[in-house]
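Chemist: To be precise about what I am sending: the file is called coords_15.txt and holds compact mmCIF, N, CA and C atoms.
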```txt
# COMPACT_ATOMS: atom_id res chain seq x y z
N MET A 509 2.78 -11.13 -3.85
CA MET A 509 2.85 -10.01 -2.92
C MET A 509 3.76 -8.93 -3.52
N LEU A 510 3.44 -7.71 -3.26
CA LEU A 510 4.25 -6.61 -3.76
C LEU A 510 5.58 -6.56 -3.04
N SER A 511 6.58 -6.06 -3.72
CA SER A 511 7.89 -5.97 -3.10
C SER A 511 7.85 -5.00 -1.93
N THR A 512 8.79 -5.14 -1.05
CA THR A 512 8.82 -4.26 0.12
C THR A 512 9.08 -2.82 -0.26
N ALA A 513 9.63 -2.60 -1.45
CA ALA A 513 9.87 -1.22 -1.90
C ALA A 513 8.55 -0.48 -2.10
N LEU A 514 7.50 -1.21 -2.42
CA LEU A 514 6.21 -0.57 -2.64
C LEU A 514 5.34 -0.57 -1.39
N ARG A 515 5.79 -1.22 -0.34
CA ARG A 515 4.97 -1.27 0.87
C ARG A 515 4.86 0.09 1.52
N CYS A 516 3.82 0.24 2.22
CA CYS A 516 3.52 1.49 2.89
C CYS A 516 4.36 1.63 4.16
N LEU A 517 4.82 2.81 4.42
CA LEU A 517 5.57 3.08 5.64
C LEU A 517 4.62 3.59 6.71
N ARG A 518 4.86 3.23 7.94
CA ARG A 518 4.06 3.78 9.04
C ARG A 518 4.35 5.26 9.13
N PRO A 519 3.32 6.10 9.37
CA PRO A 519 3.54 7.54 9.44
C PRO A 519 4.64 7.91 10.43
N SER A 520 4.71 7.23 11.56
CA SER A 520 5.72 7.58 12.56
C SER A 520 7.13 7.25 12.09
N SER A 521 7.25 6.36 11.12
CA SER A 521 8.58 6.00 10.67
C SER A 521 8.97 6.69 9.37
N CYS A 522 8.08 7.50 8.82
CA CYS A 522 8.41 8.22 7.59
C CYS A 522 9.50 9.23 7.92
N THR A 523 10.50 9.25 7.10
CA THR A 523 11.61 10.17 7.36
C THR A 523 11.43 11.43 6.55
N LEU A 524 12.12 12.48 7.00
CA LEU A 524 12.09 13.73 6.28
C LEU A 524 12.64 13.55 4.88
N ALA A 525 13.67 12.72 4.74
CA ALA A 525 14.26 12.50 3.42
C ALA A 525 13.22 11.92 2.47
N LEU A 526 12.42 10.99 2.94
CA LEU A 526 11.40 10.40 2.09
C LEU A 526 10.35 11.43 1.72
N SER A 527 9.90 12.24 2.68
CA SER A 527 8.87 13.22 2.37
C SER A 527 9.38 14.27 1.40
N ARG A 528 10.67 14.62 1.47
CA ARG A 528 11.22 15.57 0.50
C ARG A 528 11.33 14.94 -0.87
N GLN A 529 11.55 13.61 -0.90
CA GLN A 529 11.72 12.91 -2.16
C GLN A 529 10.41 12.83 -2.93
N LEU A 530 9.29 12.78 -2.23
CA LEU A 530 7.99 12.63 -2.87
C LEU A 530 7.46 13.99 -3.31
N ALA A 531 6.79 14.02 -4.46
CA ALA A 531 6.29 15.27 -5.01
C ALA A 531 4.85 15.50 -4.61
N HIS A 532 4.41 16.76 -4.71
CA HIS A 532 3.00 17.07 -4.53
C HIS A 532 2.18 16.34 -5.58
N HIS A 533 0.88 16.27 -5.38
CA HIS A 533 -0.01 15.61 -6.33
C HIS A 533 0.16 16.18 -7.73
N ARG A 534 0.26 15.31 -8.67
CA ARG A 534 0.23 15.69 -10.08
C ARG A 534 -0.89 14.89 -10.71
N PRO A 535 -1.72 15.50 -11.57
CA PRO A 535 -2.87 14.79 -12.10
C PRO A 535 -2.52 13.49 -12.81
N HIS A 536 -1.40 13.45 -13.51
CA HIS A 536 -1.01 12.24 -14.23
C HIS A 536 0.44 11.93 -13.91
N MET A 537 0.79 10.67 -14.03
CA MET A 537 2.16 10.28 -13.75
C MET A 537 3.09 10.94 -14.75
N ASP A 538 4.05 11.65 -14.26
CA ASP A 538 5.07 12.29 -15.06
C ASP A 538 6.32 11.44 -14.93
N PRO A 539 6.87 10.93 -16.05
CA PRO A 539 8.04 10.05 -15.95
C PRO A 539 9.22 10.70 -15.23
N SER A 540 9.30 12.02 -15.24
CA SER A 540 10.42 12.69 -14.57
C SER A 540 10.15 12.95 -13.09
N SER A 541 8.93 12.69 -12.62
CA SER A 541 8.61 12.96 -11.22
C SER A 541 9.17 11.86 -10.33
N PRO A 542 9.44 12.19 -9.08
CA PRO A 542 9.93 11.17 -8.14
C PRO A 542 8.89 10.07 -7.95
N PRO A 543 9.31 8.88 -7.57
CA PRO A 543 8.36 7.79 -7.35
C PRO A 543 7.41 8.10 -6.21
N ARG A 544 6.19 7.61 -6.32
CA ARG A 544 5.19 7.76 -5.27
C ARG A 544 4.76 6.36 -4.86
N PRO A 545 5.46 5.79 -3.88
CA PRO A 545 5.25 4.38 -3.56
C PRO A 545 3.86 4.03 -3.06
N VAL A 546 3.22 4.87 -2.27
CA VAL A 546 1.89 4.54 -1.75
C VAL A 546 0.88 4.57 -2.89
N GLU A 547 0.91 5.60 -3.70
CA GLU A 547 0.00 5.69 -4.84
C GLU A 547 0.20 4.50 -5.78
N THR A 548 1.44 4.14 -6.02
CA THR A 548 1.75 2.99 -6.88
C THR A 548 1.19 1.70 -6.30
N THR A 549 1.34 1.53 -4.99
CA THR A 549 0.82 0.33 -4.33
C THR A 549 -0.69 0.27 -4.43
N ILE A 550 -1.36 1.38 -4.18
CA ILE A 550 -2.83 1.42 -4.28
C ILE A 550 -3.27 1.05 -5.69
N ARG A 551 -2.65 1.63 -6.68
CA ARG A 551 -2.99 1.37 -8.07
C ARG A 551 -2.77 -0.12 -8.41
N THR A 552 -1.64 -0.65 -7.99
CA THR A 552 -1.31 -2.05 -8.29
C THR A 552 -2.28 -3.02 -7.62
N LYS A 553 -2.54 -2.81 -6.34
CA LYS A 553 -3.43 -3.72 -5.62
C LYS A 553 -4.85 -3.69 -6.17
N LEU A 554 -5.37 -2.49 -6.45
CA LEU A 554 -6.74 -2.40 -6.99
C LEU A 554 -6.81 -3.03 -8.38
N THR A 555 -5.78 -2.86 -9.17
CA THR A 555 -5.76 -3.45 -10.51
C THR A 555 -5.73 -4.98 -10.42
N GLN A 556 -4.89 -5.52 -9.55
CA GLN A 556 -4.79 -6.96 -9.40
C GLN A 556 -6.06 -7.58 -8.83
N ALA A 557 -6.66 -6.93 -7.86
CA ALA A 557 -7.82 -7.51 -7.17
C ALA A 557 -9.14 -7.33 -7.92
N LEU A 558 -9.29 -6.19 -8.61
CA LEU A 558 -10.60 -5.86 -9.17
C LEU A 558 -10.65 -5.78 -10.69
N ALA A 559 -9.52 -5.91 -11.36
CA ALA A 559 -9.45 -5.83 -12.82
C ALA A 559 -10.35 -4.70 -13.35
N PRO A 560 -10.11 -3.47 -12.91
CA PRO A 560 -11.01 -2.37 -13.29
C PRO A 560 -10.92 -2.01 -14.77
N GLU A 561 -12.06 -1.59 -15.30
CA GLU A 561 -12.09 -1.05 -16.66
C GLU A 561 -11.60 0.39 -16.66
N HIS A 562 -11.75 1.04 -15.52
CA HIS A 562 -11.27 2.41 -15.36
C HIS A 562 -10.84 2.57 -13.90
N LEU A 563 -9.69 3.21 -13.70
CA LEU A 563 -9.17 3.41 -12.35
C LEU A 563 -8.48 4.76 -12.28
N GLU A 564 -8.86 5.53 -11.26
CA GLU A 564 -8.17 6.78 -10.97
C GLU A 564 -7.77 6.76 -9.50
N VAL A 565 -6.50 7.06 -9.26
CA VAL A 565 -5.97 7.14 -7.90
C VAL A 565 -5.41 8.55 -7.76
N ILE A 566 -6.02 9.33 -6.89
CA ILE A 566 -5.64 10.74 -6.76
C ILE A 566 -5.15 11.00 -5.34
N ASN A 567 -3.93 11.49 -5.25
CA ASN A 567 -3.35 11.85 -3.96
C ASN A 567 -3.85 13.25 -3.60
N GLU A 568 -4.67 13.33 -2.57
CA GLU A 568 -5.22 14.62 -2.13
C GLU A 568 -4.55 15.12 -0.85
N SER A 569 -3.40 14.58 -0.54
CA SER A 569 -2.70 14.95 0.69
C SER A 569 -2.38 16.43 0.74
N HIS A 570 -2.08 17.01 -0.41
CA HIS A 570 -1.72 18.43 -0.46
C HIS A 570 -2.84 19.34 0.01
N MET A 571 -4.07 18.81 0.11
CA MET A 571 -5.22 19.58 0.56
C MET A 571 -5.37 19.58 2.08
N HIS A 572 -4.44 18.91 2.76
CA HIS A 572 -4.54 18.71 4.21
C HIS A 572 -3.28 19.21 4.90
N ALA A 573 -3.33 19.29 6.21
CA ALA A 573 -2.21 19.79 7.01
C ALA A 573 -1.21 18.66 7.22
N VAL A 574 -0.46 18.36 6.16
CA VAL A 574 0.57 17.33 6.21
C VAL A 574 1.82 17.88 5.53
N PRO A 575 2.97 17.30 5.79
CA PRO A 575 4.20 17.80 5.15
C PRO A 575 4.11 17.67 3.63
N PRO A 576 4.79 18.54 2.91
CA PRO A 576 4.82 18.45 1.44
C PRO A 576 5.30 17.06 1.01
N GLY A 577 4.66 16.54 -0.03
CA GLY A 577 5.04 15.24 -0.55
C GLY A 577 4.39 14.07 0.15
N SER A 578 3.53 14.32 1.12
CA SER A 578 2.88 13.24 1.86
C SER A 578 1.99 12.41 0.95
N GLU A 579 1.80 11.17 1.33
CA GLU A 579 0.88 10.26 0.66
C GLU A 579 -0.04 9.66 1.71
N SER A 580 -0.97 10.45 2.22
CA SER A 580 -1.80 10.00 3.33
C SER A 580 -3.30 10.12 3.06
N HIS A 581 -3.70 10.94 2.09
CA HIS A 581 -5.12 11.17 1.78
C HIS A 581 -5.34 10.89 0.29
N PHE A 582 -6.22 9.94 -0.01
CA PHE A 582 -6.45 9.56 -1.40
C PHE A 582 -7.92 9.52 -1.74
N ARG A 583 -8.19 9.68 -3.02
CA ARG A 583 -9.52 9.49 -3.61
C ARG A 583 -9.32 8.48 -4.73
N VAL A 584 -10.16 7.45 -4.77
CA VAL A 584 -10.08 6.47 -5.84
C VAL A 584 -11.43 6.36 -6.53
N LEU A 585 -11.36 6.17 -7.82
CA LEU A 585 -12.52 5.84 -8.64
C LEU A 585 -12.21 4.50 -9.27
N VAL A 586 -13.03 3.51 -8.97
CA VAL A 586 -12.83 2.16 -9.48
C VAL A 586 -14.09 1.75 -10.23
N VAL A 587 -13.92 1.42 -11.50
CA VAL A 587 -15.03 0.94 -12.33
C VAL A 587 -14.71 -0.52 -12.66
N SER A 588 -15.48 -1.42 -12.09
CA SER A 588 -15.18 -2.84 -12.25
C SER A 588 -16.44 -3.68 -12.43
N PRO A 589 -16.39 -4.66 -13.34
CA PRO A 589 -17.52 -5.59 -13.48
C PRO A 589 -17.74 -6.41 -12.20
N GLN A 590 -16.71 -6.52 -11.36
CA GLN A 590 -16.86 -7.27 -10.11
C GLN A 590 -17.84 -6.61 -9.14
N PHE A 591 -18.21 -5.36 -9.40
CA PHE A 591 -19.17 -4.66 -8.55
C PHE A 591 -20.62 -4.97 -8.91
N GLU A 592 -20.84 -5.65 -10.04
CA GLU A 592 -22.20 -6.00 -10.46
C GLU A 592 -22.90 -6.79 -9.37
N GLY A 593 -24.09 -6.37 -9.01
CA GLY A 593 -24.89 -7.08 -8.02
C GLY A 593 -24.50 -6.80 -6.57
N LEU A 594 -23.49 -5.97 -6.35
CA LEU A 594 -23.08 -5.65 -4.98
C LEU A 594 -23.64 -4.29 -4.58
N SER A 595 -23.99 -4.18 -3.31
CA SER A 595 -24.44 -2.89 -2.79
C SER A 595 -23.23 -1.95 -2.72
N LEU A 596 -23.50 -0.67 -2.55
CA LEU A 596 -22.42 0.30 -2.42
C LEU A 596 -21.54 -0.04 -1.22
N LEU A 597 -22.17 -0.43 -0.12
CA LEU A 597 -21.42 -0.82 1.08
C LEU A 597 -20.51 -2.02 0.79
N GLN A 598 -21.00 -3.01 0.08
CA GLN A 598 -20.19 -4.19 -0.25
C GLN A 598 -19.02 -3.80 -1.16
N ARG A 599 -19.24 -2.89 -2.08
CA ARG A 599 -18.16 -2.43 -2.97
C ARG A 599 -17.08 -1.72 -2.17
N HIS A 600 -17.50 -0.86 -1.26
CA HIS A 600 -16.54 -0.13 -0.43
C HIS A 600 -15.76 -1.11 0.46
N ARG A 601 -16.43 -2.09 0.99
CA ARG A 601 -15.75 -3.09 1.81
C ARG A 601 -14.71 -3.85 1.00
N LEU A 602 -15.03 -4.15 -0.26
CA LEU A 602 -14.10 -4.84 -1.14
C LEU A 602 -12.85 -4.00 -1.39
N VAL A 603 -13.03 -2.73 -1.65
CA VAL A 603 -11.89 -1.82 -1.84
C VAL A 603 -11.10 -1.69 -0.55
N ASN A 604 -11.79 -1.50 0.56
CA ASN A 604 -11.11 -1.38 1.86
C ASN A 604 -10.32 -2.64 2.20
N GLU A 605 -10.89 -3.80 1.93
CA GLU A 605 -10.19 -5.05 2.20
C GLU A 605 -8.94 -5.18 1.32
N THR A 606 -9.06 -4.77 0.08
CA THR A 606 -7.92 -4.81 -0.84
C THR A 606 -6.77 -3.93 -0.34
N LEU A 607 -7.12 -2.81 0.27
CA LEU A 607 -6.11 -1.85 0.75
C LEU A 607 -5.96 -1.88 2.27
N ARG A 608 -6.31 -2.99 2.88
CA ARG A 608 -6.28 -3.13 4.34
C ARG A 608 -4.94 -2.73 4.95
N GLU A 609 -3.84 -3.19 4.37
CA GLU A 609 -2.52 -2.89 4.94
C GLU A 609 -2.23 -1.39 4.91
N GLU A 610 -2.52 -0.76 3.79
CA GLU A 610 -2.27 0.68 3.65
C GLU A 610 -3.16 1.49 4.59
N LEU A 611 -4.41 1.08 4.73
CA LEU A 611 -5.34 1.79 5.61
C LEU A 611 -4.97 1.62 7.09
N SER A 612 -4.29 0.54 7.40
CA SER A 612 -3.89 0.34 8.80
C SER A 612 -2.52 0.94 9.11
N THR A 613 -1.85 1.45 8.09
CA THR A 613 -0.52 2.02 8.32
C THR A 613 -0.47 3.48 7.90
N CYS A 614 -0.28 3.77 6.64
CA CYS A 614 0.04 5.14 6.24
C CYS A 614 -1.09 5.92 5.57
N VAL A 615 -2.14 5.27 5.13
CA VAL A 615 -3.24 6.01 4.50
C VAL A 615 -4.22 6.43 5.59
N HIS A 616 -4.33 7.73 5.77
CA HIS A 616 -5.18 8.29 6.81
C HIS A 616 -6.63 8.39 6.34
N ALA A 617 -6.83 8.71 5.06
CA ALA A 617 -8.18 8.90 4.53
C ALA A 617 -8.26 8.36 3.11
N LEU A 618 -9.38 7.69 2.82
CA LEU A 618 -9.61 7.14 1.48
C LEU A 618 -11.05 7.39 1.10
N ALA A 619 -11.25 8.22 0.07
CA ALA A 619 -12.59 8.45 -0.48
C ALA A 619 -12.75 7.50 -1.66
N ILE A 620 -13.86 6.78 -1.69
CA ILE A 620 -14.05 5.74 -2.69
C ILE A 620 -15.28 6.03 -3.54
N GLN A 621 -15.11 5.94 -4.85
CA GLN A 621 -16.22 5.86 -5.78
C GLN A 621 -16.07 4.51 -6.46
N ALA A 622 -17.03 3.63 -6.26
CA ALA A 622 -16.99 2.28 -6.81
C ALA A 622 -18.21 2.10 -7.71
N LYS A 623 -17.96 2.02 -9.02
CA LYS A 623 -19.06 1.96 -9.99
C LYS A 623 -18.96 0.73 -10.87
N THR A 624 -20.12 0.28 -11.33
CA THR A 624 -20.14 -0.76 -12.35
C THR A 624 -19.87 -0.09 -13.70
N PRO A 625 -19.47 -0.86 -14.70
CA PRO A 625 -19.27 -0.26 -16.03
C PRO A 625 -20.51 0.46 -16.55
N GLN A 626 -21.69 -0.09 -16.29
CA GLN A 626 -22.94 0.55 -16.74
C GLN A 626 -23.14 1.89 -16.03
N GLN A 627 -22.90 1.94 -14.73
CA GLN A 627 -23.02 3.21 -14.00
C GLN A 627 -22.03 4.23 -14.52
N TRP A 628 -20.83 3.79 -14.81
CA TRP A 628 -19.79 4.69 -15.31
C TRP A 628 -20.16 5.24 -16.69
N SER A 629 -20.70 4.38 -17.55
CA SER A 629 -21.06 4.84 -18.90
C SER A 629 -22.20 5.85 -18.86
N SER A 630 -23.08 5.75 -17.86
CA SER A 630 -24.18 6.71 -17.77
C SER A 630 -23.79 7.99 -17.02
N ASN A 631 -22.72 7.93 -16.23
CA ASN A 631 -22.26 9.11 -15.49
C ASN A 631 -20.75 9.03 -15.27
N PRO A 632 -19.96 9.36 -16.30
CA PRO A 632 -18.50 9.25 -16.17
C PRO A 632 -17.87 10.47 -15.50
N SER A 633 -18.11 10.60 -14.21
CA SER A 633 -17.56 11.75 -13.49
C SER A 633 -16.96 11.31 -12.16
N LEU A 634 -16.00 12.09 -11.73
CA LEU A 634 -15.36 11.86 -10.45
C LEU A 634 -15.77 12.98 -9.51
N ALA A 635 -16.28 12.63 -8.35
CA ALA A 635 -16.69 13.64 -7.38
C ALA A 635 -15.47 14.41 -6.89
N LYS A 636 -15.69 15.66 -6.52
CA LYS A 636 -14.61 16.49 -5.98
C LYS A 636 -14.68 16.46 -4.46
N SER A 637 -13.51 16.56 -3.86
CA SER A 637 -13.44 16.57 -2.40
C SER A 637 -13.69 17.96 -1.88
N PRO A 638 -14.36 18.07 -0.73
CA PRO A 638 -14.52 19.39 -0.11
C PRO A 638 -13.20 19.82 0.49
N PRO A 639 -13.03 21.10 0.77
CA PRO A 639 -11.79 21.55 1.40
C PRO A 639 -11.66 20.95 2.80
N CYS A 640 -10.43 20.74 3.21
CA CYS A 640 -10.15 20.17 4.52
C CYS A 640 -10.57 21.15 5.61
N MET A 641 -11.32 20.66 6.57
CA MET A 641 -11.73 21.49 7.69
C MET A 641 -11.18 20.91 8.99
N GLY A 642 -10.19 20.03 8.86
CA GLY A 642 -9.60 19.37 10.02
C GLY A 642 -9.01 20.37 11.00
N GLY A 643 -9.08 20.04 12.26
CA GLY A 643 -8.60 20.94 13.31
C GLY A 643 -7.14 21.29 13.17
N SER A 644 -6.31 20.33 12.75
CA SER A 644 -4.87 20.61 12.69
C SER A 644 -4.54 21.64 11.63
N LYS A 645 -5.37 21.78 10.61
CA LYS A 645 -5.10 22.76 9.56
C LYS A 645 -5.21 24.18 10.11
N HIS A 646 -6.00 24.36 11.14
CA HIS A 646 -6.22 25.68 11.73
C HIS A 646 -5.47 25.85 13.05
N ASP A 647 -4.62 24.90 13.37
CA ASP A 647 -3.86 24.92 14.61
C ASP A 647 -2.49 25.53 14.34
N ASP A 648 -2.19 26.68 14.94
CA ASP A 648 -0.92 27.36 14.70
C ASP A 648 0.28 26.51 15.08
N THR A 649 0.15 25.68 16.11
CA THR A 649 1.28 24.84 16.49
C THR A 649 1.56 23.80 15.41
N MET A 650 0.52 23.31 14.74
CA MET A 650 0.71 22.36 13.65
C MET A 650 1.38 23.04 12.47
N THR A 651 1.01 24.27 12.18
CA THR A 651 1.63 25.02 11.09
C THR A 651 3.13 25.15 11.34
N GLU A 652 3.51 25.45 12.57
CA GLU A 652 4.93 25.57 12.92
C GLU A 652 5.64 24.23 12.78
N LYS A 653 5.00 23.15 13.20
CA LYS A 653 5.60 21.83 13.08
C LYS A 653 5.82 21.47 11.61
N LEU A 654 4.85 21.80 10.76
CA LEU A 654 4.99 21.50 9.33
C LEU A 654 6.12 22.32 8.72
N LYS A 655 6.23 23.58 9.11
CA LYS A 655 7.33 24.42 8.61
C LYS A 655 8.67 23.87 9.07
N ALA A 656 8.74 23.43 10.31
CA ALA A 656 9.99 22.89 10.85
C ALA A 656 10.40 21.62 10.10
N GLY A 657 9.44 20.84 9.65
CA GLY A 657 9.72 19.62 8.92
C GLY A 657 10.32 19.87 7.55
N ARG A 658 10.11 21.06 7.00
CA ARG A 658 10.64 21.40 5.68
C ARG A 658 12.09 21.82 5.73
N ASP A 659 12.53 22.28 6.89
CA ASP A 659 13.91 22.80 7.02
C ASP A 659 14.94 21.70 7.08
```
Rewrite the coordinates I just gave you, this time as C-alpha cells.
Modeler:
Amino acid sequence: MLSTALRCLRPSSCTLALSRQLAHHRPHMDPSSPPRPVETTIRTKLTQALAPEHLEVINESHMHAVPPGSESHFRVLVVSPQFEGLSLLQRHRLVNETLREELSTCVHALAIQAKTPQQWSSNPSLAKSPPCMGGSKHDDTMTEKLKAGRD
C-alpha cells in the first residue's frame, strides 16, 4: 500500500497551504517543482497494477474553475498488454478500479485512454480535452470564491 503521504486528500479537507504548495500543470516532472501527491499516486498505482509500456498522467485541473495548484481533473493514457482481449469498457473499469480511492475522494474527473501496445503503435496520440464548460466556471460567485482562496 502506498504511504499516507501519497494518499489523496478529501476536497473538503484540502487546506489553502496545500493548494499553494502545489504547482499548476507542467508537461513533465520538473525536479525543482513542488511535489504533486495525487498525480504521483495515480502514476504509481497504474504502474503497479497494469505494468504499462507507456503511461501519461496529465493534470488538467488548471482548465477548470478550481483553485491554483489543484489536483482534481486528470487525463491518463495507459498502454498495457493487460488490455489485450478486453473491451474498451472493461479497460476503463480496470483503470477506475485501480484508482477507486482517488475517484471517491479528491479526483473529480478522469479521462481515460486505454490502449493495447498494438493500438498504440498504429496510433501513438493522446486525445485533447475540450475546454471546460462547467457551470461554476461561468458563475461570478465562484470566481470570487476562487480569488478569495488565493489571498
Chemist: Calculate how many Å separate atom N of Val546 (chain A) from atom C of Ile566 (chain A), rounding to one decimal.
Modeler: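 Between these atoms lies a distance of 10.8 Å.
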Chemist: Need the shell around Leu594 (chain A): protein/DNA/RNA residues with any atom at most 12 Å away, counting only C-alpha atoms. Skip same-chain ones fewer than 5 positions apart. Format as a list of chain:residue names?
Modeler: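 Surrounding residues, per the criterion: A:Ser588, A:Pro589, A:Arg599, A:His600, A:Arg601, A:Leu602, A:Ala622, A:Lys623, A:Thr624.
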Chemist: Can you work out the spacing between CA of Ser569 (chain A) and CA of Leu634 (chain A) in Å, to one decimal?
Modeler: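 Calculated distance between CA of Ser569 (chain A) and CA of Leu634 (chain A) is 17.1 Å.
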Chemist: Name the closest residue to Val603 (chain A) among the candidates A:Gln627, A:Leu558, A:Pro545, A:His572; distances are taken between atoms, counting only C-alpha atoms.
Modeler: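 Comparing A:Gln627, A:Leu558, A:Pro545, A:His572 against Val603 (chain A), the winner is A:Leu558.
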Chemist: Can you pull out the residues contacting Leu563 (chain A)? Cut-off 6.5 Å, using only N, CA and C atoms, and skip same-chain residues under 4 positions away; I want them as a list of chain:residue names.
Modeler: A:Leu585, A:Val586, A:Val587
Chemist: In Å, rounded to a single decimal, give me how far atom N of Ala559 (chain A) is from atom C of Gln621 (chain A).
Modeler: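 So the answer is 13.2 Å.
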Chemist: Could you pull out every residue with an atom within 7 Å of (-5.8, 6.2, 5.2), file coordinates, counting only N, CA and C atoms, and send them as a list in words?
Modeler: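 Checking each residue against the 7 Å limit leaves Ser580, His581, Phe582, Glu610, Leu611, Ser612, Thr613, Cys614, Val615, His616, Ala617 and Leu618 of chain A.
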Chemist: Within region 571-633 of chain A, find each residue whose DSSP state, derived from the backbone, is helix (DSSP H, G or I), and express the selection as a list in words.
Modeler: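 Put together, the selection reads Met571, Pro589, Gln590, Phe591, Leu596, Leu597, Gln598, Arg599, His600, Arg601, Leu602, Val603, Asn604, Glu605, Thr606, Arg608, Glu609, Glu610, Leu611, Ser612, Pro625, Gln626, Gln627, Trp628, Ser629 and Ser630 of chain A.
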Chemist: Could all heavy atoms be built for region 586-593 of chain A and written out as an mmCIF file, keeping the file's coordinate frame?
Modeler:
```cif
data_model
loop_
_atom_site.group_PDB
_atom_site.id
_atom_site.type_symbol
_atom_site.label_atom_id
_atom_site.label_comp_id
_atom_site.auth_asym_id
_atom_site.auth_seq_id
_atom_site.Cartn_x
_atom_site.Cartn_y
_atom_site.Cartn_z
ATOM 1 N N VAL A 586 -13.030 3.510 -8.970
ATOM 2 C CA VAL A 586 -12.830 2.160 -9.480
ATOM 3 C C VAL A 586 -14.090 1.750 -10.230
ATOM 4 O O VAL A 586 -15.183 1.764 -9.669
ATOM 5 C CB VAL A 586 -12.558 1.145 -8.340
ATOM 6 C CG1 VAL A 586 -12.227 -0.225 -8.908
ATOM 7 C CG2 VAL A 586 -11.463 1.629 -7.412
ATOM 8 N N VAL A 587 -13.920 1.420 -11.500
ATOM 9 C CA VAL A 587 -15.030 0.940 -12.330
ATOM 10 C C VAL A 587 -14.710 -0.520 -12.660
ATOM 11 O O VAL A 587 -13.757 -0.795 -13.389
ATOM 12 C CB VAL A 587 -15.172 1.771 -13.623
ATOM 13 C CG1 VAL A 587 -16.321 1.227 -14.469
ATOM 14 C CG2 VAL A 587 -15.363 3.243 -13.299
ATOM 15 N N SER A 588 -15.480 -1.420 -12.090
ATOM 16 C CA SER A 588 -15.180 -2.840 -12.250
ATOM 17 C C SER A 588 -16.440 -3.680 -12.430
ATOM 18 O O SER A 588 -17.435 -3.466 -11.726
ATOM 19 C CB SER A 588 -14.423 -3.351 -11.018
ATOM 20 O OG SER A 588 -14.224 -4.747 -11.098
ATOM 21 N N PRO A 589 -16.390 -4.660 -13.340
ATOM 22 C CA PRO A 589 -17.520 -5.590 -13.480
ATOM 23 C C PRO A 589 -17.740 -6.410 -12.200
ATOM 24 O O PRO A 589 -18.837 -6.920 -11.982
ATOM 25 C CB PRO A 589 -17.108 -6.501 -14.632
ATOM 26 C CG PRO A 589 -15.902 -5.911 -15.259
ATOM 27 C CD PRO A 589 -15.341 -4.907 -14.303
ATOM 28 N N GLN A 590 -16.710 -6.520 -11.360
ATOM 29 C CA GLN A 590 -16.860 -7.270 -10.110
ATOM 30 C C GLN A 590 -17.840 -6.610 -9.140
ATOM 31 O O GLN A 590 -18.273 -7.230 -8.171
ATOM 32 C CB GLN A 590 -15.504 -7.444 -9.434
ATOM 33 C CG GLN A 590 -14.591 -8.378 -10.203
ATOM 34 C CD GLN A 590 -13.319 -8.668 -9.429
ATOM 35 O OE1 GLN A 590 -13.335 -8.771 -8.206
ATOM 36 N NE2 GLN A 590 -12.223 -8.808 -10.155
ATOM 37 N N PHE A 591 -18.210 -5.360 -9.400
ATOM 38 C CA PHE A 591 -19.170 -4.660 -8.550
ATOM 39 C C PHE A 591 -20.620 -4.970 -8.910
ATOM 40 O O PHE A 591 -21.532 -4.587 -8.180
ATOM 41 C CB PHE A 591 -18.939 -3.147 -8.601
ATOM 42 C CG PHE A 591 -17.626 -2.692 -8.021
ATOM 43 C CD1 PHE A 591 -16.972 -1.597 -8.549
ATOM 44 C CD2 PHE A 591 -17.044 -3.343 -6.937
ATOM 45 C CE1 PHE A 591 -15.763 -1.155 -8.018
ATOM 46 C CE2 PHE A 591 -15.836 -2.917 -6.400
ATOM 47 C CZ PHE A 591 -15.198 -1.815 -6.946
ATOM 48 N N GLU A 592 -20.840 -5.650 -10.040
ATOM 49 C CA GLU A 592 -22.200 -6.000 -10.460
ATOM 50 C C GLU A 592 -22.900 -6.790 -9.370
ATOM 51 O O GLU A 592 -22.339 -7.735 -8.819
ATOM 52 C CB GLU A 592 -22.180 -6.834 -11.747
ATOM 53 C CG GLU A 592 -21.643 -6.129 -12.964
ATOM 54 C CD GLU A 592 -22.579 -5.070 -13.553
ATOM 55 O OE1 GLU A 592 -23.780 -5.041 -13.187
ATOM 56 O OE2 GLU A 592 -22.086 -4.277 -14.363
ATOM 57 N N GLY A 593 -24.090 -6.370 -9.010
ATOM 58 C CA GLY A 593 -24.890 -7.080 -8.020
ATOM 59 C C GLY A 593 -24.500 -6.800 -6.570
ATOM 60 O O GLY A 593 -25.122 -7.344 -5.665
#
```
